[in-house]
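The data block below is data01.cif; it holds mmCIF, C-alpha atoms and all ligand atoms.
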```
data_input
#
loop_
_atom_site.label_atom_id
_atom_site.label_comp_id
_atom_site.auth_asym_id
_atom_site.auth_seq_id
_atom_site.Cartn_x
_atom_site.Cartn_y
_atom_site.Cartn_z
CA MET A 1452 26.19 180.28 325.75
CA TYR A 1453 29.15 179.63 323.43
CA GLU A 1454 32.37 181.30 322.44
CA PRO A 1455 31.86 182.28 318.81
CA ILE A 1456 33.84 180.25 316.28
CA MET A 1457 35.12 182.59 313.63
CA VAL A 1458 36.09 181.47 310.13
CA THR A 1459 39.72 182.13 311.00
CA ARG A 1460 41.81 183.05 314.01
CA THR A 1461 45.28 184.51 313.65
CA PHE A 1462 48.07 182.27 314.91
CA LEU A 1463 50.13 184.10 317.53
CA PRO A 1464 53.48 182.87 318.83
CA PRO A 1465 54.17 183.02 322.59
CA GLN A 1466 54.26 186.75 323.36
CA GLU A 1467 57.78 186.57 324.77
CA GLU A 1468 59.09 185.27 321.42
CA TYR A 1469 57.57 188.20 319.56
CA LEU A 1470 58.70 190.68 322.20
CA GLN A 1471 62.31 189.51 321.95
CA TRP A 1472 62.37 190.57 318.31
CA VAL A 1473 60.57 193.82 319.07
CA ARG A 1474 63.10 194.63 321.81
CA GLN A 1475 65.89 194.05 319.31
CA ALA A 1476 64.29 196.60 317.01
CA LEU A 1477 63.75 199.11 319.80
CA ASP A 1478 67.30 198.67 321.12
CA SER A 1479 68.78 199.20 317.67
CA HIS A 1480 66.58 202.26 316.96
CA VAL A 1481 66.16 200.92 313.41
CA LEU A 1482 62.43 200.55 312.82
CA THR A 1483 62.17 200.29 309.04
CA ASN A 1484 63.99 200.76 305.68
CA ASN A 1485 65.50 197.33 305.13
CA GLY A 1486 66.53 196.91 308.76
CA PRO A 1487 68.29 193.91 310.29
CA ILE A 1488 65.12 191.94 311.16
CA HIS A 1489 63.69 192.61 307.70
CA LYS A 1490 66.91 191.24 306.19
CA LYS A 1491 66.76 188.16 308.41
CA LEU A 1492 63.15 187.44 307.50
CA GLU A 1493 63.80 187.94 303.80
CA GLU A 1494 66.62 185.40 303.94
CA ALA A 1495 64.70 182.95 306.15
CA LEU A 1496 61.72 182.99 303.78
CA ARG A 1497 63.95 182.72 300.73
CA LEU A 1498 65.37 179.52 302.20
CA ARG A 1499 62.00 178.24 303.46
CA LEU A 1500 60.44 178.65 300.00
CA GLY A 1501 63.54 177.67 298.05
CA ALA A 1502 63.27 180.98 296.18
CA ASP A 1503 65.98 182.31 293.88
CA HIS A 1504 65.11 185.87 294.90
CA LEU A 1505 62.58 187.14 297.41
CA LEU A 1506 61.51 190.63 298.43
CA LEU A 1507 59.31 191.52 301.35
CA THR A 1508 56.56 194.09 300.82
CA SER A 1509 54.13 196.02 302.98
CA ASN A 1510 51.23 193.79 301.88
CA GLY A 1511 50.12 191.31 299.23
CA THR A 1512 48.38 193.92 297.09
CA ILE A 1513 51.51 196.05 296.72
CA ALA A 1514 53.35 192.81 295.92
CA LEU A 1515 51.00 192.27 292.97
CA GLN A 1516 51.30 195.88 291.82
CA LEU A 1517 55.09 195.79 292.03
CA ALA A 1518 55.17 192.53 290.06
CA ILE A 1519 53.04 194.07 287.29
CA ARG A 1520 55.31 197.17 287.26
CA THR A 1521 58.64 195.41 287.40
CA PHE A 1522 57.81 193.28 284.37
CA GLY A 1523 56.55 196.33 282.47
CA ILE A 1524 53.19 194.70 281.86
CA LYS A 1525 50.81 196.81 279.74
CA GLY A 1526 47.56 196.28 277.86
CA LYS A 1527 45.48 193.19 278.51
CA VAL A 1528 46.13 190.77 281.34
CA ILE A 1529 44.24 187.49 281.34
CA THR A 1530 43.15 186.71 284.86
CA THR A 1531 40.86 184.60 287.01
CA PRO A 1532 37.42 185.75 288.12
CA PHE A 1533 37.59 183.42 291.11
CA SER A 1534 39.93 185.12 293.58
CA TYR A 1535 40.06 187.89 296.12
CA VAL A 1536 39.33 191.33 294.68
CA ALA A 1537 42.99 192.44 295.03
CA THR A 1538 43.97 190.20 292.10
CA VAL A 1539 41.92 192.23 289.65
CA SER A 1540 42.13 195.60 291.42
CA SER A 1541 45.93 195.57 291.12
CA ILE A 1542 45.65 195.01 287.37
CA LEU A 1543 43.31 198.00 287.08
CA TRP A 1544 45.37 200.14 289.50
CA GLU A 1545 48.41 199.57 287.29
CA GLY A 1546 46.45 200.82 284.27
CA CYS A 1547 46.05 197.45 282.60
CA ILE A 1548 42.88 195.79 281.31
CA PRO A 1549 41.75 192.58 283.02
CA VAL A 1550 40.29 189.90 280.76
CA PHE A 1551 38.57 187.09 282.64
CA ALA A 1552 39.16 183.48 281.68
CA ASP A 1553 36.82 180.95 283.28
CA ILE A 1554 37.97 178.41 285.85
CA ASP A 1555 38.32 174.66 286.04
CA PRO A 1556 35.35 173.39 288.09
CA ASN A 1557 37.54 170.80 289.84
CA THR A 1558 40.42 172.93 291.12
CA CYS A 1559 38.64 176.34 290.96
CA CYS A 1560 41.86 177.71 289.36
CA ILE A 1561 41.98 179.36 285.93
CA ASP A 1562 41.29 176.97 283.02
CA PRO A 1563 44.20 177.03 280.52
CA ALA A 1564 41.88 176.22 277.61
CA CYS A 1565 39.88 179.38 278.39
CA ILE A 1566 43.09 181.45 278.53
CA GLU A 1567 44.14 180.54 275.03
CA GLU A 1568 40.80 181.55 273.46
CA LEU A 1569 41.14 185.08 274.83
CA ILE A 1570 44.68 185.93 273.68
CA ASP A 1571 44.93 188.74 271.14
CA LYS A 1572 47.61 191.21 270.01
CA ASP A 1573 47.17 193.36 273.12
CA THR A 1574 47.63 190.52 275.60
CA THR A 1575 50.90 190.71 277.51
CA ALA A 1576 50.48 188.61 280.65
CA ILE A 1577 48.57 186.03 282.65
CA LEU A 1578 47.80 186.71 286.33
CA ALA A 1579 46.43 183.57 287.96
CA THR A 1580 45.65 182.65 291.56
CA HIS A 1581 46.56 179.38 293.26
CA VAL A 1582 43.19 179.57 294.92
CA TYR A 1583 42.91 178.03 298.43
CA GLY A 1584 46.57 177.00 297.99
CA ILE A 1585 45.60 174.60 295.18
CA PRO A 1586 48.08 174.64 292.28
CA CYS A 1587 47.01 176.11 288.94
CA ASP A 1588 47.85 173.93 285.94
CA VAL A 1589 51.32 175.50 285.89
CA GLU A 1590 52.64 173.34 283.04
CA ALA A 1591 49.79 174.19 280.64
CA ILE A 1592 50.00 177.87 281.58
CA GLU A 1593 53.76 177.93 281.01
CA ALA A 1594 53.33 176.28 277.59
CA ILE A 1595 50.77 178.92 276.55
CA ALA A 1596 52.96 181.73 277.86
CA LEU A 1597 55.94 180.46 275.85
CA ARG A 1598 53.86 180.04 272.69
CA TYR A 1599 52.51 183.61 272.82
CA GLY A 1600 55.38 185.38 274.59
CA LEU A 1601 53.39 186.27 277.73
CA LYS A 1602 54.59 186.92 281.27
CA VAL A 1603 53.11 184.77 284.03
CA ILE A 1604 52.48 186.16 287.49
CA TYR A 1605 50.91 184.00 290.16
CA ASP A 1606 48.94 185.44 293.02
CA GLY A 1607 50.24 183.04 295.65
CA ALA A 1608 48.51 184.74 298.58
CA HIS A 1609 47.21 181.28 299.61
CA ALA A 1610 50.19 179.28 298.38
CA PHE A 1611 52.59 179.40 301.33
CA GLY A 1612 53.52 175.85 302.32
CA THR A 1613 52.04 174.02 299.33
CA LEU A 1614 54.53 171.91 297.36
CA TYR A 1615 53.95 170.99 293.75
CA LYS A 1616 56.22 168.33 292.25
CA GLY A 1617 58.48 168.65 295.26
CA LYS A 1618 58.99 172.41 294.91
CA SER A 1619 57.30 175.29 296.66
CA LEU A 1620 54.29 176.34 294.62
CA THR A 1621 55.63 179.88 294.87
CA SER A 1622 58.56 178.99 292.61
CA TYR A 1623 56.42 178.75 289.44
CA GLY A 1624 55.88 181.63 287.00
CA ASP A 1625 57.99 184.69 286.24
CA ALA A 1626 56.92 186.00 289.63
CA CYS A 1627 54.76 184.77 292.48
CA THR A 1628 53.35 187.13 295.07
CA LEU A 1629 52.43 186.27 298.65
CA SER A 1630 50.27 187.92 301.28
CA PHE A 1631 51.24 187.81 304.94
CA HIS A 1632 48.03 189.41 306.18
CA ALA A 1633 46.91 188.29 309.64
CA THR A 1634 44.23 186.05 308.11
CA LYS A 1635 46.74 184.11 306.02
CA LEU A 1636 48.47 180.88 307.00
CA PHE A 1637 51.86 182.54 307.54
CA HIS A 1638 51.58 186.17 308.56
CA THR A 1639 53.41 189.33 309.63
CA VAL A 1640 50.16 191.12 310.69
CA GLU A 1641 50.28 193.03 307.39
CA GLY A 1642 52.85 192.10 304.79
CA GLY A 1643 53.67 190.31 301.61
CA ALA A 1644 56.47 189.17 299.34
CA VAL A 1645 57.41 188.56 295.74
CA VAL A 1646 59.40 185.56 294.54
CA LEU A 1647 61.53 186.33 291.48
CA HIS A 1648 64.06 184.49 289.33
CA SER A 1649 66.63 187.06 288.25
CA GLU A 1650 69.04 189.47 289.85
CA ALA A 1651 67.95 192.19 287.44
CA HIS A 1652 64.28 191.93 288.39
CA GLU A 1653 65.18 191.86 292.05
CA LYS A 1654 67.24 195.01 291.69
CA LYS A 1655 64.51 196.83 289.79
CA MET A 1656 61.85 195.83 292.29
CA ARG A 1657 63.99 196.85 295.28
CA LEU A 1658 64.30 200.29 293.74
CA GLN A 1659 60.59 200.56 292.95
CA ARG A 1660 59.68 199.35 296.44
CA SER A 1661 61.61 202.25 297.95
CA PHE A 1662 60.50 205.37 296.01
CA GLY A 1663 62.79 204.70 293.05
CA HIS A 1664 65.86 206.31 294.56
CA ILE A 1665 69.04 205.39 296.39
CA GLY A 1666 70.28 208.33 298.43
CA ASP A 1667 70.11 211.42 296.23
CA GLU A 1668 70.19 209.42 293.01
CA HIS A 1669 66.70 209.08 291.48
CA TYR A 1670 66.39 206.34 288.88
CA GLU A 1671 62.70 205.75 288.19
CA LEU A 1672 59.16 206.07 289.49
CA GLY A 1673 58.70 204.21 292.74
CA ILE A 1674 56.28 203.66 295.59
CA ASN A 1675 56.56 202.90 299.29
CA GLY A 1676 56.19 199.14 299.49
CA LYS A 1677 58.53 198.44 302.41
CA MET A 1678 57.89 196.23 305.43
CA SER A 1679 58.67 197.65 308.88
CA GLU A 1680 60.83 195.98 311.52
CA MET A 1681 57.77 195.47 313.76
CA HIS A 1682 56.06 193.48 311.04
CA ALA A 1683 59.21 191.54 310.19
CA ALA A 1684 59.50 190.79 313.94
CA MET A 1685 56.11 189.05 313.87
CA GLY A 1686 57.26 187.06 310.83
CA MET A 1687 60.43 185.91 312.62
CA ALA A 1688 58.37 184.87 315.64
CA VAL A 1689 55.70 183.01 313.61
CA LEU A 1690 58.00 181.22 311.16
CA PRO A 1691 59.47 178.63 313.58
CA HIS A 1692 55.90 177.47 314.36
CA ILE A 1693 54.68 177.13 310.80
CA GLU A 1694 55.10 173.35 310.43
CA VAL A 1695 53.06 172.80 313.60
CA VAL A 1696 50.42 175.22 312.31
CA ILE A 1697 50.12 173.33 309.01
CA ARG A 1698 49.97 169.97 310.82
CA ASP A 1699 47.17 171.22 313.04
CA ARG A 1700 45.19 172.50 310.05
CA LYS A 1701 45.66 169.09 308.44
CA ARG A 1702 44.17 167.42 311.55
CA ILE A 1703 41.08 169.65 311.42
CA SER A 1704 40.65 169.23 307.63
CA GLY A 1705 40.92 165.46 308.01
CA SER A 1706 38.25 165.48 310.67
CA TYR A 1707 35.93 167.57 308.45
CA ASP A 1708 36.63 165.21 305.51
CA GLU A 1709 35.41 162.22 307.51
CA GLN A 1710 32.30 163.96 308.74
CA ILE A 1711 31.08 165.59 305.52
CA SER A 1712 31.34 162.42 303.46
CA GLY A 1713 27.67 161.49 304.00
CA LEU A 1714 26.38 165.00 303.24
CA ASP A 1715 25.33 166.37 299.86
CA LEU A 1716 28.44 168.52 299.48
CA CYS A 1717 31.44 168.67 297.13
CA ARG A 1718 35.02 169.78 297.63
CA PRO A 1719 37.56 171.25 295.21
CA VAL A 1720 40.02 168.66 293.90
CA ILE A 1721 43.71 168.84 294.83
CA PRO A 1722 45.77 167.79 291.78
CA GLU A 1723 48.25 164.93 291.90
CA ASN A 1724 51.85 165.63 292.94
CA THR A 1725 50.65 168.21 295.43
CA LYS A 1726 51.56 168.43 299.09
CA TYR A 1727 48.74 170.66 300.27
CA ASN A 1728 48.98 173.43 302.89
CA TYR A 1729 45.40 173.23 304.28
CA SER A 1730 44.98 176.97 304.06
CA TYR A 1731 41.18 176.92 303.66
CA TYR A 1732 38.30 174.47 303.88
CA PRO A 1733 35.84 175.35 301.11
CA ILE A 1734 32.68 173.28 300.62
CA LEU A 1735 30.33 173.42 297.64
CA PHE A 1736 26.56 173.21 298.10
CA ALA A 1737 24.16 171.96 295.45
CA ASP A 1738 22.77 175.49 295.08
CA GLU A 1739 22.81 178.96 296.60
CA SER A 1740 19.61 178.58 298.61
CA ARG A 1741 21.08 175.62 300.48
CA LEU A 1742 24.25 177.62 301.12
CA MET A 1743 22.30 180.57 302.51
CA LYS A 1744 20.28 178.28 304.75
CA ALA A 1745 23.43 176.59 306.09
CA MET A 1746 25.26 179.86 306.61
CA LYS A 1747 22.34 181.27 308.57
CA GLY A 1748 21.78 178.08 310.56
CA MET A 1749 25.45 177.87 311.50
CA ALA A 1750 25.58 181.55 312.49
CA GLU A 1751 22.69 180.87 314.88
CA MET A 1752 25.02 178.44 316.69
CA ASP A 1753 27.71 181.14 316.57
CA VAL A 1754 29.70 179.30 313.89
CA HIS A 1755 30.88 181.87 311.39
CA THR A 1756 31.67 180.94 307.81
CA ARG A 1757 32.64 183.05 304.83
CA ARG A 1758 31.50 183.22 301.23
CA TYR A 1759 35.00 183.10 299.84
CA PHE A 1760 34.89 184.00 297.00
CA TYR A 1761 31.68 185.81 296.22
CA PRO A 1762 30.86 187.46 293.88
CA SER A 1763 32.76 186.24 290.84
CA LEU A 1764 35.08 189.15 290.00
CA ASN A 1765 33.77 189.55 286.43
CA GLN A 1766 30.58 190.85 288.07
CA LEU A 1767 32.22 193.75 289.91
CA PRO A 1768 30.60 197.11 289.11
CA TYR A 1769 33.85 198.63 287.81
CA VAL A 1770 34.97 195.97 285.34
CA GLU A 1771 33.79 195.31 281.84
CA ARG A 1772 31.23 192.58 282.28
CA THR A 1773 31.97 189.35 280.51
CA SER A 1774 30.58 185.90 281.08
CA THR A 1775 32.46 183.20 283.00
CA PRO A 1776 29.65 180.77 283.86
CA VAL A 1777 31.69 178.23 285.85
CA SER A 1778 33.13 180.86 288.15
CA GLU A 1779 29.79 182.66 288.54
CA GLN A 1780 28.11 179.41 289.44
CA ILE A 1781 30.74 178.21 291.90
CA ALA A 1782 30.89 181.63 293.59
CA THR A 1783 27.20 181.27 294.51
CA ARG A 1784 27.70 177.80 295.99
CA VAL A 1785 30.99 177.95 297.90
CA LEU A 1786 31.43 178.50 301.62
CA CYS A 1787 34.61 178.30 303.72
CA LEU A 1788 34.33 176.58 307.08
CA PRO A 1789 36.28 177.72 310.15
CA LEU A 1790 39.89 176.53 309.91
CA TYR A 1791 42.74 177.64 312.12
CA ALA A 1792 45.43 176.13 314.31
CA GLY A 1793 44.02 175.44 317.74
CA LEU A 1794 40.41 174.69 316.76
CA ASP A 1795 39.76 171.86 319.21
CA GLU A 1796 37.61 168.72 319.04
CA SER A 1797 34.60 170.36 320.65
CA GLY A 1798 34.89 173.25 318.17
CA ILE A 1799 35.04 170.85 315.21
CA GLU A 1800 32.05 169.01 316.64
CA ARG A 1801 30.06 172.25 316.87
CA VAL A 1802 30.95 173.24 313.30
CA MET A 1803 29.79 169.86 312.01
CA THR A 1804 26.66 169.66 314.14
CA SER A 1805 25.58 173.13 313.08
CA LEU A 1806 26.25 172.23 309.44
CA ARG A 1807 24.36 168.93 309.61
CA ASN A 1808 21.40 170.48 311.44
CA SER A 1809 21.09 173.27 308.94
CA LEU A 1810 21.09 170.88 305.99
CA VAL A 1811 17.95 168.98 307.04
C1 LIG A 1901 44.72 188.29 300.84
C2 LIG A 1901 44.80 188.25 299.36
C3 LIG A 1901 45.39 189.30 298.63
C4 LIG A 1901 45.78 190.61 299.24
O1 LIG A 1901 46.73 190.56 300.18
P1 LIG A 1901 46.90 191.76 301.25
O2 LIG A 1901 48.14 191.38 301.97
O3 LIG A 1901 45.69 191.73 302.13
O4 LIG A 1901 47.03 193.02 300.49
C5 LIG A 1901 45.55 189.13 297.27
N1 LIG A 1901 45.11 188.03 296.65
C6 LIG A 1901 44.50 187.02 297.30
C7 LIG A 1901 44.07 185.82 296.55
C8 LIG A 1901 44.30 187.11 298.68
O5 LIG A 1901 43.67 186.13 299.32
#
```

Could you render the structure as structure tokens?
Ligand SMILES: *Cc1c(COP(=O)(O)O)cnc(C)c1O
Amino acid sequence: MYEPIMVTRTFLPPQEEYLQWVRQALDSHVLTNNGPIHKKLEEALRLRLGADHLLLTSNGTIALQLAIRTFGIKGKVITTPFSYVATVSSILWEGCIPVFADIDPNTCCIDPACIEELIDKDTTAILATHVYGIPCDVEAIEAIALRYGLKVIYDGAHAFGTLYKGKSLTSYGDACTLSFHATKLFHTVEGGAVVLHSEAHEKKMRLQRSFGHIGDEHYELGINGKMSEMHAAMGMAVLPHIEVVIRDRKRISGSYDEQISGLDLCRPVIPENTKYNYSYYPILFADESRLMKAMKGMAEMDVHTRRYFYPSLNQLPYVERTSTPVSEQIATRVLCLPLYAGLDESGIERVMTSLRNSLV
């Protein structure tokens, strides 16, 4: 009857544009290890994000792990329970202890007041997510970090394209990581990056990203976190289209905004001084039973949504359980609607009709 509408659909550039880059890689016989396309993409993204230093990685999870490593973070890391699992799994994978601070119910980002209560002598860093591309309270977090001598790493997997106070959101913190997974706003199929602010950190991370050695000289423990030329090629082909992609997502979000206003739903709040990237369209139901009913009703019309994020990460079976009531509550009530460049008027209409029908 219908084409299914998925929650997201990867933006693809015209095939010929991608293939031109791929041919360059094939002709050069350089397929990875900091090749020419990789270098071009690194520089293009550095300029696009106004970053002091930027390193590409094989994915956004390795980007987080490298950031934790490069800054020598040990002991307890205060983090958000309302994020994708990779935020907390990278803390654990690097041998650190995650401590969950609750979130602000308006922005769904970590609540600075909750961070401060949890700091003790073993705390060394804050790892916070700009969830849905919405800025964390970066000023309050920076003030706390300065007061207690903590490092700040932002998981900016959703942050590409958002500006806060006229600067890319990725420029805040000691480091900000990005994910370029195919489901993200800007993508390289699989990939990621880290934005840094010093030459020394860049140098250290470059070494760690590539097994910790240069030629036969081994300096320290490393991992393979490199991006291949084929992935960088996709990045080079997608990047010129990114403004159009963001504009199209804005059109769809605006249309949803108009149509949900009469329904019993809430939306996260975008703080002032933010130029938003429209990376997701989360809606909050009054309670979980209404969410489940809507999700099921919409799926019956082949409109596919996603509980993003559920569950609250403090409830994972492999973390020490603590209570973060705001995050736990929001995680049960939040659903992301389909949002991707190219979703046309009839698609938007079907999303909204299926939502309205399932709410009655
Ligand atoms: C996607 C995502 C990641 C992981 O990125 P990958 O590139 O898939 O490894 C990390 N954090 C958040 C918030 C994400 O959404």

So, counting all atoms listed in the file, which residue among A:Thr1756, A:Thr1508, A:Ser1619, A:Asn1728 is closest to Glu1493 of chain A?
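Residue with the minimum atom-to-atom distance to Glu1493 of chain A: A:Thr1508.
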
Against ligand LIG 1901 (chain A), which residues of chain A fall within 8 Å? For each one I want the closest pair of atoms and the distance in Å (one decimal), counting all atoms listed in the file, rows by chain and increasing residue number, as JSON lines.
```
{"residue": "A:Ser1509", "atom": "CA", "partner": "A:LIG1901", "partner_atom": "O2", "distance": 7.6}
{"residue": "A:Asn1510", "atom": "CA", "partner": "A:LIG1901", "partner_atom": "O2", "distance": 3.9}
{"residue": "A:Gly1511", "atom": "CA", "partner": "A:LIG1901", "partner_atom": "O2", "distance": 3.4}
{"residue": "A:Thr1512", "atom": "CA", "partner": "A:LIG1901", "partner_atom": "O4", "distance": 3.8}
{"residue": "A:Ile1513", "atom": "CA", "partner": "A:LIG1901", "partner_atom": "O4", "distance": 6.6}
{"residue": "A:Ala1514", "atom": "CA", "partner": "A:LIG1901", "partner_atom": "O4", "distance": 7.8}
{"residue": "A:Leu1515", "atom": "CA", "partner": "A:LIG1901", "partner_atom": "C5", "distance": 7.6}
{"residue": "A:Ser1534", "atom": "CA", "partner": "A:LIG1901", "partner_atom": "C7", "distance": 5.1}
{"residue": "A:Tyr1535", "atom": "CA", "partner": "A:LIG1901", "partner_atom": "C7", "distance": 4.5}
{"residue": "A:Val1536", "atom": "CA", "partner": "A:LIG1901", "partner_atom": "N1", "distance": 6.9}
{"residue": "A:Ala1537", "atom": "CA", "partner": "A:LIG1901", "partner_atom": "C5", "distance": 4.7}
{"residue": "A:Thr1538", "atom": "CA", "partner": "A:LIG1901", "partner_atom": "N1", "distance": 5.2}
{"residue": "A:Thr1580", "atom": "CA", "partner": "A:LIG1901", "partner_atom": "C7", "distance": 6.1}
{"residue": "A:His1581", "atom": "CA", "partner": "A:LIG1901", "partner_atom": "C7", "distance": 7.6}
{"residue": "A:Val1582", "atom": "CA", "partner": "A:LIG1901", "partner_atom": "C7", "distance": 6.5}
{"residue": "A:Asp1606", "atom": "CA", "partner": "A:LIG1901", "partner_atom": "N1", "distance": 5.9}
{"residue": "A:Gly1607", "atom": "CA", "partner": "A:LIG1901", "partner_atom": "C7", "distance": 6.8}
{"residue": "A:Ala1608", "atom": "CA", "partner": "A:LIG1901", "partner_atom": "C6", "distance": 4.8}
{"residue": "A:His1609", "atom": "CA", "partner": "A:LIG1901", "partner_atom": "O5", "distance": 6.0}
{"residue": "A:Leu1629", "atom": "CA", "partner": "A:LIG1901", "partner_atom": "O1", "distance": 7.3}
{"residue": "A:Ser1630", "atom": "CA", "partner": "A:LIG1901", "partner_atom": "O2", "distance": 4.1}
{"residue": "A:Phe1631", "atom": "CA", "partner": "A:LIG1901", "partner_atom": "O2", "distance": 5.6}
{"residue": "A:His1632", "atom": "CA", "partner": "A:LIG1901", "partner_atom": "O2", "distance": 4.6}
{"residue": "A:Thr1634", "atom": "CA", "partner": "A:LIG1901", "partner_atom": "C1", "distance": 7.6}
{"residue": "A:Lys1635", "atom": "CA", "partner": "A:LIG1901", "partner_atom": "C1", "distance": 7.0}
{"residue": "A:Glu1641", "atom": "CA", "partner": "A:LIG1901", "partner_atom": "O2", "distance": 6.1}
{"residue": "A:Gly1642", "atom": "CA", "partner": "A:LIG1901", "partner_atom": "O2", "distance": 5.5}
{"residue": "A:Gly1643", "atom": "CA", "partner": "A:LIG1901", "partner_atom": "O2", "distance": 5.6}
```

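Distance annotation: of A:Thr1621, A:Ser1479, A:Asn1675, A:Thr1461, the residue with the minimal separation from Leu1517 of chain A is A:Asn1675; atom set is all atoms listed in the file.
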
Considering only C-alpha atoms, return as a PDB file with C-alpha atoms, keeping the file's coordinate frame whatever protein or nucleic-acid residues lie within 12 Å of Gly1705 of chain A, sequence-local ones (same chain, fewer than 6 positions apart) excluded.
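What ended up in selection.pdb:
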```pdb
ATOM      1  CA  ARG A1698      49.970 169.970 310.820  1.00  0.00           C
ATOM      2  CA  ASP A1699      47.170 171.220 313.040  1.00  0.00           C
ATOM      3  CA  ILE A1711      31.080 165.590 305.520  1.00  0.00           C
ATOM      4  CA  SER A1712      31.340 162.420 303.460  1.00  0.00           C
ATOM      5  CA  TYR A1729      45.400 173.230 304.280  1.00  0.00           C
ATOM      6  CA  TYR A1732      38.300 174.470 303.880  1.00  0.00           C
ATOM      7  CA  LEU A1790      39.890 176.530 309.910  1.00  0.00           C
ATOM      8  CA  GLU A1796      37.610 168.720 319.040  1.00  0.00           C
ATOM      9  CA  ILE A1799      35.040 170.850 315.210  1.00  0.00           C
TER      10      ILE A1799
END
```

In file coordinates, which residues lie within 12 Å of (51.3, 185.3, 280.0) using only C-alpha atoms, given as a VMD selection string?
chain A and resid 1519 1522 1524 to 1530 1550 1563 1566 to 1567 1569 to 1571 1573 to 1579 1589 1591 to 1605 1624 to 1626

List the spatial neighbours of segment 1779-1784 of chain A as a ChimeraX atom specification - criterion: any atom at most 12 Å away, only C-alpha atoms, same-chain residues fewer than 5 positions off excluded.
/A:1531-1535,1551-1560,1716-1719,1733-1746,1757-1767,1772-1774

Between A:Gly1676, A:Pro1586, A:Pro1549, A:Gly1713, which has the minimum distance to Tyr1615 of chain A (counting all atoms listed in the file)?
A:Pro1586

Please list as a tab-separated table (two decimals) with C-alpha atoms, in the coordinates of the input every residue within 8 Å of His1755 of chain A, counting all atoms listed in the file and excluding residues in the same chain fewer than 5 positions away.
```tsv
chain	number	residue	atom	x	y	z
A	1455	PRO	CA	31.86	182.28	318.81
A	1456	ILE	CA	33.84	180.25	316.28
A	1457	MET	CA	35.12	182.59	313.63
A	1458	VAL	CA	36.09	181.47	310.13
A	1746	MET	CA	25.26	179.86	306.61
A	1749	MET	CA	25.45	177.87	311.50
A	1750	ALA	CA	25.58	181.55	312.49
A	1788	LEU	CA	34.33	176.58	307.08
A	1789	PRO	CA	36.28	177.72	310.15
```

Give me, please, the distance in Å between atom CA of Leu1482 of chain A and atom CA of Leu1470 of chain A, quoted to one decimal.
14.1 Å

For Arg1700 of chain A, which of A:Glu1668, A:Asp1795, A:Glu1545, A:Glu1653 is the closest residue, counting only C-alpha atoms?
A:Asp1795

Using all atoms listed in the file, the best pick from A:Met1681, A:Met1752, A:Val1802, A:Tyr1670 as closest to Ile1703 of chain A would be A:Val1802

I'd like the interatomic distance between atom CA of Ile1488 of chain A and atom CA of Ala1476 of chain A, to a tenth of an Å.
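Atom CA of Ala1476 of chain A lies at a distance of 7.5 Å from atom CA of Ile1488 of chain A.
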
Using atom CA of Ser1706 of chain A and atom CA of Glu1800 of chain A as the two end points, give the distance in Å to one decimal.
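Interatomic distance, atom CA of Ser1706 of chain A to atom CA of Glu1800 of chain A: 9.3 Å.
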
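Restricting the calculation to only C-alpha atoms, the smallest distance between Thr1483 of chain A and any of A:Gly1666, A:Ser1661, A:Ile1693, A:Gly1798 is found for A:Ser1661.
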
So that I can see what lies close to Ser1649 of chain A, please list as a JSON list (two decimals) with C-alpha atoms, keeping the file's coordinate frame the residues with an atom at most 12 Å from it, counting only C-alpha atoms and leaving out residues fewer than 4 positions away in the same chain.
```json
[["chain", "number", "residue", "atom", "x", "y", "z"],
["A", 1502, "ALA", "CA", 63.27, 180.98, 296.18],
["A", 1503, "ASP", "CA", 65.98, 182.31, 293.88],
["A", 1504, "HIS", "CA", 65.11, 185.87, 294.90],
["A", 1505, "LEU", "CA", 62.58, 187.14, 297.41],
["A", 1506, "LEU", "CA", 61.51, 190.63, 298.43],
["A", 1521, "THR", "CA", 58.64, 195.41, 287.40],
["A", 1522, "PHE", "CA", 57.81, 193.28, 284.37],
["A", 1625, "ASP", "CA", 57.99, 184.69, 286.24],
["A", 1626, "ALA", "CA", 56.92, 186.00, 289.63],
["A", 1645, "VAL", "CA", 57.41, 188.56, 295.74],
["A", 1653, "GLU", "CA", 65.18, 191.86, 292.05],
["A", 1654, "LYS", "CA", 67.24, 195.01, 291.69],
["A", 1655, "LYS", "CA", 64.51, 196.83, 289.79],
["A", 1656, "MET", "CA", 61.85, 195.83, 292.29]]
```

Test item: residues at most 12 Å from Pro1487 of chain A, only C-alpha atoms, excluding those fewer than 2 positions along its chain, as a PyMOL selection string
chain A and resi 1472-1473+1475-1485+1489-1494+1678-1681+1683-1684+1687
